[in-house]
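**Q** The structure that follows is given in the form of structure tokens.
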Amino acid sequence: MQLPEMELLRSVLALRLGFVVVCLAVVPPAVAKFVVEKNSLTVVSPESIKGTHDSAIGNFGIPQYGGSMAGAVVYPKENTKGCKGFDEYGISFKSKIGALPTFVVVDRGDCFFALKVWNAQNAGASAVLVADNVEEPLITMDSPEEDGSSSKYIENITIPSALIEKSFGEKLKKAITSGEMVNVNLDWREAVPHPDDRVEYELWTNSNDECGVKCDMLMEFVKDFKGAAQILEKGGFTQFTPHYITWYCPQAFTVSKQCKSQCINHGRYCAPDPEQDFSKGYEGKDVVLENLRQLCVFRVANESKRPWVWWDYVTDFQIRWLDSKKIEKCMGDPNADSDNPLLKEEQDAQVGKGTRGDVTILPTLVVNNRQYRGKLEKGAVLKAICSGFEETTEPDVCLSGDVETNECLDNNGGCWQDKTANITACKDTFRGRVCECPLVDGVKFKGDGYSSCEASGPGRCKINYGGCWHESQEEQSFSACLDIDGGKCECPPGFKGDGVKSCKDVDECKEKKACQCPECSCKNTWGSYDCTCSGDLLYIRDHDTCISKRATEVKSAWAAVWVILIGLAMAGTGAYLVYKYRIRSYMDSEIRAIMAQYMPLDSQTEVPNHVSEDHA
């Protein structure tokens, strides 16, 4: 049986898609770079080994990106390497109701990493820690090449796993065997950077669909993930980029039959033969051409501001509305003895940059420049992408029940809440809840988010009366909330108290000595008072006095008379002015007529002289 140490080497150097490589080579980077993606492991107890350590995320199963898991660690007395089923030894790792999940430590060696995890999963383990058997830097546990036996369990591993250093593993095992309770916390919340409200991710793939289990898994993933990917892209939440790996043919073999059938552009861009048979079926160069076509479909779709169309094309290979001429122009001449600009960019991009290692295996998913580890499955990948958003900026698809647990549903997440107004400081995020005073209808609440949140600023009284006292009685409502001076609570007139918890009615009849005139009778009401006068008197509140209703009536009568008199005076004045105007107009016209008989006016035509006929 092949040793597990060879798995990593093969995963780095081989194509990982079941291809037979004939005379092909990966473009050699200046310095090969394979990055081990890590998550943190914190020992909570016992005190003697308490602390935080790095662990290497396994390249299979489902790491809980963006989340964490607490568990109790066990080390089996038998089958310590986990190469056989634990049921053969009568061992079960299923947790009892109410107990922490079980994390199993197994030793490295004798069988594949993935098989160890599969056996532990079948026995009820929630996570597996593989203790290294040599002192060395952490490496990535990879899955073996798929064959008939391994493919049955690799795709069904659903628990996370991690490799831990030998020295740390020895401490864990020693504490467990000595009878101590060992509790740890596996944390993936920082496994993917989350600097802002947009996630950039890329999928390194290949258009070949004739390579067995890996290709079937990839195609299934693309179909399943299409819907979520397009929602994220259309909403502007993500920026997705597809990439394709190609290889080159060494100069000495460019004229060989193998390289001619597997390469374009005179051996510069190659892919292994899909059927591993050069005499039939599709050739490697067909795969390269389809890779190039899919790249151009994405480029043309991106230029058209609809990059999500790429997912439609790769799932049904229909170009739809895209301009086929643009795509053909983008692809260039595959027979040219020169570089293809697009494929050259792809080969350059394979070289690791920043925190990302070289892309040497297919498929590879990169999220915010970190290589994803684990099963290529919709839910698992969506968790990794969602963990790349800054907290509280995740789109709704990341907060759905099948992706994460809403911690605000359990006792409001321990945050402040106002049940009366249905307001809470608990905000559900992909990595957990945060207690942050809310913004409601433009009104900002201020406080620590845990024990208190108070509305502040203009409009605060609209939100649950700004946290001030309020009460309704006798079809009347009063509130102590004031928007002035940044907002404060002050009992309204007719009440006294702190304005926050209570405002009590003031008895104006006793305490303020209202309604004190001799003829007055005072009755206290909620928030005010009523004052009545004896006999035929009317109470005037502003002057705290009673007056005769007759006096009021006389005053009203005189007021009416004055109104009438003033109206008559105004009417008379108006009539006089009209009369004067008409008299003046009449006189002006008469004078003008008389004067016109003696002299022409400027506005009239001159009257001609009348001369008698001369009879002489």
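By order of appearance in the structure tokens: chains A, B, ..., then residues from 1 within every chain, and ligands from 1 in the order shown.
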Name all residues at most 7 Å from range 303-315 of chain A (count only C-alpha atoms; drop same-chain ones fewer than 3 positions away) and give them as a PyMOL selection string.
**A** chain A and resi 223+226+230+233+297-300+318-319
**Q** Tell me, as a list in words, which residues lie within 12 Å of Gly332 in chain A, counting only C-alpha atoms; anything in the same chain fewer than 3 positions away does not count.
**A**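 After dropping sequence-adjacent residues, the list is Ile264, Asn265, Leu289, Leu292, Arg293, Cys296, Lys325, Lys326, Ile327, Glu328, Lys329, Asn335, Ala336, Asp337, Ser338, Asp339, Asn340, Pro341, Leu342 and Leu343 of chain A.
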**Q** Give me the residues within 9 Å of Ala127 in chain A as a compact mmCIF listing (two decimals) with N, CA and C atoms, in the first residue's frame, counting only C-alpha atoms and dropping any in the same chain fewer than 2 places off.
**A**
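Result saved to around_28.txt:
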```txt
# COMPACT_ATOMS: atom_id res chain seq x y z
N MET A 69 -15.91 25.06 16.88
CA MET A 69 -16.49 23.87 17.50
C MET A 69 -15.78 23.58 18.81
N GLY A 71 -15.23 20.74 21.83
CA GLY A 71 -15.38 19.30 21.98
C GLY A 71 -14.49 18.73 23.06
N PRO A 101 -19.45 17.49 21.92
CA PRO A 101 -19.11 16.57 20.83
C PRO A 101 -17.75 15.94 21.08
N THR A 102 -17.53 14.78 20.49
CA THR A 102 -16.28 14.05 20.70
C THR A 102 -15.30 14.32 19.57
N PHE A 103 -14.08 14.76 19.94
CA PHE A 103 -12.97 14.91 19.01
C PHE A 103 -12.02 13.74 19.25
N VAL A 104 -11.65 13.03 18.20
CA VAL A 104 -10.81 11.84 18.34
C VAL A 104 -9.39 12.15 17.87
N VAL A 105 -8.41 11.79 18.70
CA VAL A 105 -7.00 11.87 18.31
C VAL A 105 -6.57 10.51 17.78
N VAL A 117 -10.09 9.35 9.08
CA VAL A 117 -11.21 10.24 9.40
C VAL A 117 -12.54 9.55 9.11
N ALA A 120 -13.34 7.13 11.92
CA ALA A 120 -13.74 7.84 13.15
C ALA A 120 -15.14 8.44 12.99
N GLN A 121 -15.45 8.95 11.79
CA GLN A 121 -16.78 9.50 11.55
C GLN A 121 -17.85 8.42 11.71
N ALA A 125 -17.57 10.21 15.74
CA ALA A 125 -16.72 11.36 16.04
C ALA A 125 -17.24 12.61 15.33
N LEU A 129 -8.40 14.75 15.02
CA LEU A 129 -7.08 15.36 15.10
C LEU A 129 -6.06 14.26 14.83
N ILE A 159 -17.16 15.48 8.33
CA ILE A 159 -16.64 16.10 9.55
C ILE A 159 -15.30 16.77 9.25
N PRO A 160 -14.91 17.77 10.02
CA PRO A 160 -13.62 18.42 9.81
C PRO A 160 -12.48 17.60 10.42
N SER A 161 -11.29 17.82 9.90
CA SER A 161 -10.11 17.15 10.44
C SER A 161 -8.93 18.10 10.36
N ALA A 162 -7.92 17.83 11.17
CA ALA A 162 -6.73 18.69 11.18
C ALA A 162 -5.52 17.88 11.63
```
**Q** Please return as a PyMOL selection string: the residues of range 404-572 of chain A that backbone DSSP assigns to strand (DSSP E or B).
**A** chain A and resi 417-418+423-424+426-429+432-435+439-440+443-446+454-456+470-473+476-479+481-482+488-489+495-496+504-505+520-525+528-533+537-540+545-548
**Q** If you take only C-alpha atoms and a cut-off of 6 Å, which residues of range 424-488 of chain A touch range 493-511 of chain A, and what are their nearest atom pairs and distances in Å to one decimal, in chain and number order, as CSV?
**A**
```
residue,atom,partner,partner_atom,distance
A:Cys468,CA,A:Val500,CA,4.4
A:Trp469,CA,A:Val500,CA,4.9
A:Ala480,CA,A:Gly499,CA,5.3
```
**Q** So which one's closest to Phe60 in chain A, A:Lys285, A:Lys419, A:Lys375, A:Lys152? Using only C-alpha atoms, please.
**A**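 Comparing A:Lys285, A:Lys419, A:Lys375, A:Lys152 against Phe60 in chain A, the winner is A:Lys375.
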**Q** Set the distance at 7 Å and use only C-alpha atoms: which residues neighbour range 515-525 of chain A once local chain neighbours fewer than 4 positions away are removed? I'd like the list as a list in words.
**A**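 Using only C-alpha atoms, the neighbours found are Asp507, Glu508, Cys509, Tyr529, Asp530, Cys531, Thr532, Cys533, Ser534, Asp544, Thr545 and Cys546 of chain A.
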**Q** How about saving the chosen residues, C-alpha atoms kept, as a PDB file, in the first residue's frame?
**A**
```pdb
ATOM      1  CA  ASP A 507     -52.962  67.658  42.638  1.00  0.00           C
ATOM      2  CA  GLU A 508     -53.051  71.252  41.433  1.00  0.00           C
ATOM      3  CA  CYS A 509     -55.972  72.010  43.746  1.00  0.00           C
ATOM      4  CA  TYR A 529     -57.610  70.167  36.942  1.00  0.00           C
ATOM      5  CA  ASP A 530     -61.128  71.523  36.412  1.00  0.00           C
ATOM      6  CA  CYS A 531     -62.401  74.749  37.972  1.00  0.00           C
ATOM      7  CA  THR A 532     -66.036  75.765  38.048  1.00  0.00           C
ATOM      8  CA  CYS A 533     -67.765  78.907  39.343  1.00  0.00           C
ATOM      9  CA  SER A 534     -70.833  79.123  41.494  1.00  0.00           C
ATOM     10  CA  ASP A 544     -58.099  82.626  37.896  1.00  0.00           C
ATOM     11  CA  THR A 545     -61.318  84.558  38.234  1.00  0.00           C
ATOM     12  CA  CYS A 546     -65.060  84.260  37.685  1.00  0.00           C
TER      13      CYS A 546
END
```
**Q** So what do you get for CA of Tyr465 in chain A versus CA of Ala425 in chain A, distance-wise?
**A**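 According to the coordinates, CA of Tyr465 in chain A and CA of Ala425 in chain A are separated by 17.5 Å.
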**Q** Mind listing the alpha helix (DSSP H) residues of range 332-463 of chain A, per DSSP on the backbone, as a list of chain:residue names?
**A**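 In range 332-463 of chain A, DSSP puts these residues in alpha helix (DSSP H): A:Pro341, A:Leu342, A:Leu343, A:Lys344, A:Glu345, A:Glu346, A:Gln347, A:Asp348, A:Ala349, A:Lys378, A:Gly379, A:Ala380, A:Val381, A:Leu382, A:Lys383, A:Ala384, A:Ile385, A:Cys386.
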**Q** Those residues you just picked out, can you put them in a file as a tab-separated table (two decimals), in the first residue's frame with C-alpha atoms?
**A**
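Saved to again03.tsv:
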```tsv
chain	number	residue	atom	x	y	z
A	341	PRO	CA	-2.28	36.48	-24.31
A	342	LEU	CA	-5.17	35.01	-22.29
A	343	LEU	CA	-3.61	31.58	-21.71
A	344	LYS	CA	-0.27	33.23	-20.91
A	345	GLU	CA	-2.03	35.26	-18.17
A	346	GLU	CA	-3.51	32.03	-16.81
A	347	GLN	CA	-0.12	30.32	-16.60
A	348	ASP	CA	1.37	33.35	-14.86
A	349	ALA	CA	-1.55	33.38	-12.41
A	378	LYS	CA	-22.24	23.72	-2.18
A	379	GLY	CA	-22.85	24.16	1.55
A	380	ALA	CA	-19.19	23.86	2.50
A	381	VAL	CA	-18.00	26.30	-0.19
A	382	LEU	CA	-20.78	28.78	0.63
A	383	LYS	CA	-19.62	28.75	4.26
A	384	ALA	CA	-16.08	29.56	3.15
A	385	ILE	CA	-17.25	32.43	0.94
A	386	CYS	CA	-19.59	33.79	3.61
```
**Q** For Lys173 in chain A, please output as a list in words all residues within 10 Å (counting only C-alpha atoms; exclusion window: fewer than 2 positions along the same chain).
**A**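 Everything that qualifies: Val73, Val74, Tyr75, Pro76, Val105, Val106, Ala131, Phe168, Gly169, Glu170, Lys171, Ala175, Ile176, Thr177, Ser178 and Val182 of chain A.
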**Q** Rank nothing, just name the residue among A:Asn412, A:Thr42, A:Ser456, A:Ser477 nearest to Cys489 in chain A, using only C-alpha atoms.
**A** A:Ser456
**Q** Using only C-alpha atoms for the distances, tell me which of A:Cys491, A:Leu568, A:Cys453, A:Val192 is nearest to His470 in chain A.
**A**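 Closest to His470 in chain A, using only C-alpha atoms: A:Cys491.
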**Q** Using only C-alpha atoms, find the one residue out of A:Asn79, A:Thr238, A:Thr364, A:Asn156 that sits nearest to Asn122 in chain A.
**A**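 Checking each candidate against Asn122 in chain A, we get A:Asn156 as the closest.
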**Q** Give me, please, the distance in Å between CA of Met331 in chain A and CA of Leu295 in chain A, quoted to one decimal.
**A**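 Result for CA of Met331 in chain A versus CA of Leu295 in chain A: 8.6 Å, one decimal.
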**Q** Figure out the distance between CA of Gly67 in chain A and CA of Asp187 in chain A, please, to one decimal in Å.
**A**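 Value for the CA of Asp187 in chain A-CA of Gly67 in chain A distance: 6.3 Å.
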**Q** Select, from A:Ala72, A:Val367, A:Val255, A:Ile540, the residue with the minimum atom-to-atom distance to Ser126 in chain A, counting only C-alpha atoms.
**A**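 Of the candidates, the smallest distance to Ser126 in chain A is held by A:Ala72.
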**Q** From the list A:Thr140, A:Ser55, A:Thr246, A:Ser40, which residue is nearest Arg189 in chain A when using only C-alpha atoms?
**A**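 Residue with the minimum atom-to-atom distance to Arg189 in chain A: A:Ser40.
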**Q** Which residues are close to range 80-87 of chain A, i.e. within 7 Å by only C-alpha atoms, leaving aside same-chain residues fewer than 3 positions away? Reply as a PDB file with N, CA and C atoms, in the first residue's frame.
**A**
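Below is the file that was written, around-v9.pdb:
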```pdb
ATOM      1  N   PRO A  76      -8.285   6.657  21.559  1.00  0.00           N
ATOM      2  CA  PRO A  76      -8.687   5.259  21.715  1.00  0.00           C
ATOM      3  C   PRO A  76      -7.545   4.387  22.250  1.00  0.00           C
ATOM      4  N   LYS A  77      -7.904   3.423  23.089  1.00  0.00           N
ATOM      5  CA  LYS A  77      -6.896   2.506  23.645  1.00  0.00           C
ATOM      6  C   LYS A  77      -6.451   1.488  22.595  1.00  0.00           C
ATOM      7  N   GLY A  90     -15.451  -2.547  19.233  1.00  0.00           N
ATOM      8  CA  GLY A  90     -16.534  -2.160  20.140  1.00  0.00           C
ATOM      9  C   GLY A  90     -16.405  -0.740  20.666  1.00  0.00           C
ATOM     10  N   ILE A  91     -15.766   0.131  19.879  1.00  0.00           N
ATOM     11  CA  ILE A  91     -15.533   1.515  20.304  1.00  0.00           C
ATOM     12  C   ILE A  91     -16.536   2.436  19.630  1.00  0.00           C
ATOM     13  N   VAL A 106      -6.038  10.480  16.561  1.00  0.00           N
ATOM     14  CA  VAL A 106      -5.468   9.241  16.018  1.00  0.00           C
ATOM     15  C   VAL A 106      -4.034   9.529  15.581  1.00  0.00           C
ATOM     16  N   ASP A 107      -3.242   8.476  15.526  1.00  0.00           N
ATOM     17  CA  ASP A 107      -1.832   8.614  15.143  1.00  0.00           C
ATOM     18  C   ASP A 107      -1.673   8.515  13.635  1.00  0.00           C
ATOM     19  N   ARG A 108      -0.695   9.229  13.120  1.00  0.00           N
ATOM     20  CA  ARG A 108      -0.389   9.181  11.702  1.00  0.00           C
ATOM     21  C   ARG A 108       0.322   7.876  11.369  1.00  0.00           C
ATOM     22  N   GLY A 109       0.115   7.380  10.138  1.00  0.00           N
ATOM     23  CA  GLY A 109       0.856   6.221   9.679  1.00  0.00           C
ATOM     24  C   GLY A 109      -0.022   5.058   9.252  1.00  0.00           C
ATOM     25  N   CYS A 111      -1.929   4.089   6.892  1.00  0.00           N
ATOM     26  CA  CYS A 111      -3.055   4.178   5.955  1.00  0.00           C
ATOM     27  C   CYS A 111      -3.309   5.635   5.606  1.00  0.00           C
ATOM     28  N   LEU A 115      -8.932   7.841   5.224  1.00  0.00           N
ATOM     29  CA  LEU A 115      -9.509   6.609   5.764  1.00  0.00           C
ATOM     30  C   LEU A 115      -9.619   6.686   7.285  1.00  0.00           C
ATOM     31  N   LYS A 116      -8.627   7.275   7.936  1.00  0.00           N
ATOM     32  CA  LYS A 116      -8.667   7.431   9.399  1.00  0.00           C
ATOM     33  C   LYS A 116      -9.898   8.256   9.805  1.00  0.00           C
ATOM     34  N   ASN A 119     -13.233   6.334   9.231  1.00  0.00           N
ATOM     35  CA  ASN A 119     -13.503   5.334  10.272  1.00  0.00           C
ATOM     36  C   ASN A 119     -13.976   6.008  11.568  1.00  0.00           C
ATOM     37  N   ALA A 120     -13.345   7.130  11.920  1.00  0.00           N
ATOM     38  CA  ALA A 120     -13.743   7.839  13.146  1.00  0.00           C
ATOM     39  C   ALA A 120     -15.140   8.437  12.993  1.00  0.00           C
ATOM     40  N   ALA A 123     -17.793   5.985  13.581  1.00  0.00           N
ATOM     41  CA  ALA A 123     -17.933   5.618  14.988  1.00  0.00           C
ATOM     42  C   ALA A 123     -18.564   6.735  15.814  1.00  0.00           C
TER      43      ALA A 123
END
```
**Q** So that I can see what lies close to Asn406 in chain A, please list as a JSON list (two decimals) with N, CA and C atoms, in the first residue's frame the residues with an atom at most 12 Å from it, counting only C-alpha atoms and leaving out residues fewer than 5 positions away in the same chain.
**A**
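Heads up, here's the output in out-v2.json:
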```json
[["chain", "number", "residue", "atom", "x", "y", "z"],
["A", 396, "ASP", "N", -28.14, 38.01, 2.64],
["A", 396, "ASP", "CA", -29.13, 37.12, 3.25],
["A", 396, "ASP", "C", -28.85, 35.65, 2.99],
["A", 398, "CYS", "N", -26.22, 34.12, 3.12],
["A", 398, "CYS", "CA", -25.27, 33.60, 4.11],
["A", 398, "CYS", "C", -25.92, 33.37, 5.47],
["A", 399, "LEU", "N", -27.08, 33.96, 5.69],
["A", 399, "LEU", "CA", -27.74, 33.85, 6.99],
["A", 399, "LEU", "C", -28.93, 32.90, 6.95],
["A", 400, "SER", "N", -29.06, 32.16, 5.87],
["A", 400, "SER", "CA", -30.15, 31.20, 5.77],
["A", 400, "SER", "C", -29.89, 30.03, 6.71],
["A", 401, "GLY", "N", -30.95, 29.36, 7.07],
["A", 401, "GLY", "CA", -30.85, 28.29, 8.07],
["A", 401, "GLY", "C", -29.97, 27.12, 7.67],
["A", 411, "ASN", "N", -32.40, 33.14, 23.51],
["A", 411, "ASN", "CA", -32.30, 34.14, 24.58],
["A", 411, "ASN", "C", -31.75, 35.47, 24.06],
["A", 412, "ASN", "N", -32.12, 35.78, 22.81],
["A", 412, "ASN", "CA", -31.70, 37.04, 22.18],
["A", 412, "ASN", "C", -30.18, 37.20, 22.13],
["A", 413, "GLY", "N", -29.48, 36.06, 22.14],
["A", 413, "GLY", "CA", -28.02, 36.10, 22.07],
["A", 413, "GLY", "C", -27.35, 36.74, 23.26],
["A", 426, "CYS", "N", -29.17, 42.50, 19.17],
["A", 426, "CYS", "CA", -28.53, 41.29, 18.66],
["A", 426, "CYS", "C", -28.56, 41.30, 17.13],
["A", 427, "LYS", "N", -27.39, 41.16, 16.53],
["A", 427, "LYS", "CA", -27.28, 41.07, 15.09],
["A", 427, "LYS", "C", -26.64, 39.74, 14.73],
["A", 428, "ASP", "N", -27.33, 38.97, 13.94],
["A", 428, "ASP", "CA", -26.81, 37.68, 13.52],
["A", 428, "ASP", "C", -25.80, 37.86, 12.40],
["A", 429, "THR", "N", -24.63, 37.30, 12.55],
["A", 429, "THR", "CA", -23.62, 37.33, 11.50],
["A", 429, "THR", "C", -23.19, 35.90, 11.22],
["A", 430, "PHE", "N", -22.46, 35.72, 10.14],
["A", 430, "PHE", "CA", -22.06, 34.37, 9.79],
["A", 430, "PHE", "C", -21.13, 33.76, 10.83],
["A", 431, "ARG", "N", -20.28, 34.59, 11.43],
["A", 431, "ARG", "CA", -19.33, 34.06, 12.41],
["A", 431, "ARG", "C", -19.90, 34.06, 13.83],
["A", 432, "GLY", "N", -21.14, 34.42, 13.99],
["A", 432, "GLY", "CA", -21.76, 34.46, 15.32],
["A", 432, "GLY", "C", -22.53, 35.75, 15.49],
["A", 433, "ARG", "N", -23.06, 35.97, 16.67],
["A", 433, "ARG", "CA", -23.84, 37.18, 16.90],
["A", 433, "ARG", "C", -22.98, 38.30, 17.45],
["A", 434, "VAL", "N", -23.40, 39.53, 17.21],
["A", 434, "VAL", "CA", -22.77, 40.70, 17.82],
["A", 434, "VAL", "C", -23.86, 41.50, 18.51]]
```
